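What follows is a single structure, written as structure tokens, with notes after it.
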Amino acid sequence: MALFETLYGRRCRSPIGWSEIGEVELIGTDLMHQAMEKVAYRLEQPLEMSLVHPVFHVSMLKKVVGDSSLIVPDETIEVNEELTYEEILVAIHDRQVRKLRNKEIASVKVLWKNQQVEEATWEAEEETKKKYPHLFE
């Protein structure tokens, strides 16, 4: 008896043994096509995202509960050739100073463009002042 069968009380069903006993076994390319149909989705994308690969593994997809206020129009995000975009700091919400043994580290809680208030992040105050001095005046 295999270890899996001992632990879970049933046979391990590998891709080779997906079918039940008595069914016709799939071999070769038929097996691969059936497996591909079970683990991949082809997504329709706008032309601006034509450089992004349209096939994703199922594990990368997450269920979305529709909330129209969270949808960001893709026209507002400028994606470059490397498929990245620059986040733009909009406002500073909070400031804190953490004290270590020998030094103090100042941080600011910043809100980024195209993100909700709940997604604000803590950033180093010194670096933020260098990039966005107008927000500290």
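Starting from 1 in every chain, residues are counted up; chains themselves are A, B, ... following the order of the structure tokens, and ligands are numbered from 1 as listed.
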
Practice prompt. List every residue of range 39-122 of chain A that DSSP, applied to the backbone of this structure, places in strand (DSSP E or B), and write the result as a list in words.
Written response: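 DSSP on the backbone gives strand (DSSP E or B) at Ala40, Tyr41, Arg42, Val55, Phe56, His57, Leu89, Val90, Ala91, Ile92, His93, Asp94, Arg95, Gln96, Val97, Arg98, Lys99, Glu104, Ile105, Ala106, Ser107, Val108, Lys109, Val110, Leu111, Trp112, Thr121 and Trp122 of chain A.
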
Worksheet item: Contacts of Asp94 in chain A at 7 Å or less, counting only C-alpha atoms, minus same-chain residues fewer than 2 places along, as a list in words?
Response: Ile92, Gln96, Val108 and Lys109 of chain A

With all heavy atoms retained, export the selected residues as a compact mmCIF listing (two decimals), in the first residue's frame.
# COMPACT_ATOMS: atom_id res chain seq x y z
N ILE A 92 0.36 62.59 1.98
CA ILE A 92 0.96 61.99 3.18
C ILE A 92 -0.11 62.01 4.26
O ILE A 92 -0.66 63.05 4.58
CB ILE A 92 2.20 62.77 3.62
CG1 ILE A 92 3.27 62.67 2.53
CG2 ILE A 92 2.72 62.25 4.95
CD1 ILE A 92 4.49 63.49 2.78
N GLN A 96 5.47 58.78 11.66
CA GLN A 96 5.87 58.11 12.90
C GLN A 96 7.38 58.04 12.98
O GLN A 96 8.07 58.07 11.96
CB GLN A 96 5.28 56.70 12.99
CG GLN A 96 5.92 55.69 12.07
CD GLN A 96 5.35 54.29 12.24
OE1 GLN A 96 4.40 54.08 12.96
NE2 GLN A 96 5.97 53.33 11.58
N VAL A 108 6.76 57.94 6.90
CA VAL A 108 5.50 58.61 6.58
C VAL A 108 4.58 57.62 5.89
O VAL A 108 5.03 56.76 5.12
CB VAL A 108 5.72 59.85 5.69
CG1 VAL A 108 6.37 60.97 6.46
CG2 VAL A 108 6.52 59.53 4.46
N LYS A 109 3.29 57.72 6.18
CA LYS A 109 2.30 56.87 5.54
C LYS A 109 1.78 57.63 4.32
O LYS A 109 1.22 58.71 4.45
CB LYS A 109 1.16 56.55 6.49
CG LYS A 109 0.24 55.47 5.98
CD LYS A 109 -0.74 55.05 7.06
CE LYS A 109 -1.52 53.84 6.62
NZ LYS A 109 -2.45 53.40 7.67

Residues within 10 Å of Ile88 in chain A, only C-alpha atoms, excluding chain neighbours under 5 positions, as a PDB file with C-alpha atoms, in the first residue's frame:
ATOM      1  CA  LEU A 111      -1.256  57.376  -0.459  1.00  0.00           C
ATOM      2  CA  TRP A 112      -0.466  56.423  -4.052  1.00  0.00           C
ATOM      3  CA  LYS A 113      -2.390  57.415  -7.170  1.00  0.00           C
ATOM      4  CA  ASN A 114      -5.004  54.843  -8.320  1.00  0.00           C
ATOM      5  CA  TYR A 132       8.495  64.739  -3.432  1.00  0.00           C
TER       6      TYR A 132
END

Practice prompt. Record the distance separating CA of Glu78 in chain A and CA of Glu48 in chain A, expressed in Å with one decimal.
Written response: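 For CA of Glu78 in chain A relative to CA of Glu48 in chain A, the distance reads 9.6 Å.
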
Discussion item. Calculated over only C-alpha atoms, which of the candidates A:Glu125, A:Glu86, A:Ala91, A:Val79 has the smallest distance to Val52 in chain A?
Written reply: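 Smallest separation from Val52 in chain A among the options: A:Val79.
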
Discussion item. Rounded to one decimal, what separation in Å do you get between CA of Ser50 in chain A and CA of Thr84 in chain A?
Written reply: 13.8 Å

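Minimum atom-to-atom distance to Thr128 in chain A, evaluated using only C-alpha atoms, belongs to A:Ser107 out of A:Thr6, A:Ser69, A:Asn102, A:Ser107.
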
Fill in: CA of Asp67 in chain A to CA of Ala120 in chain A, distance in Å rounded to a single decimal
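Separation of CA of Asp67 in chain A and CA of Ala120 in chain A: 19.1 Å.
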
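Between Pro133 in chain A and the candidates A:Glu119, A:Leu89, A:Glu104, A:Leu3, the tightest atom-to-atom separation, counting only C-alpha atoms, involves A:Leu89.
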
Worksheet item: Which residue gives the smallest distance to His53 in chain A among A:Leu83, A:Ala124, A:Val97, A:Leu7, with only C-alpha atoms counted?
Response: A:Leu83

Fill in: Pick from A:Trp122, A:Ala2, A:Glu82, A:Pro54, whichever lies nearest to Arg98 in chain A using only C-alpha atoms
A:Trp122
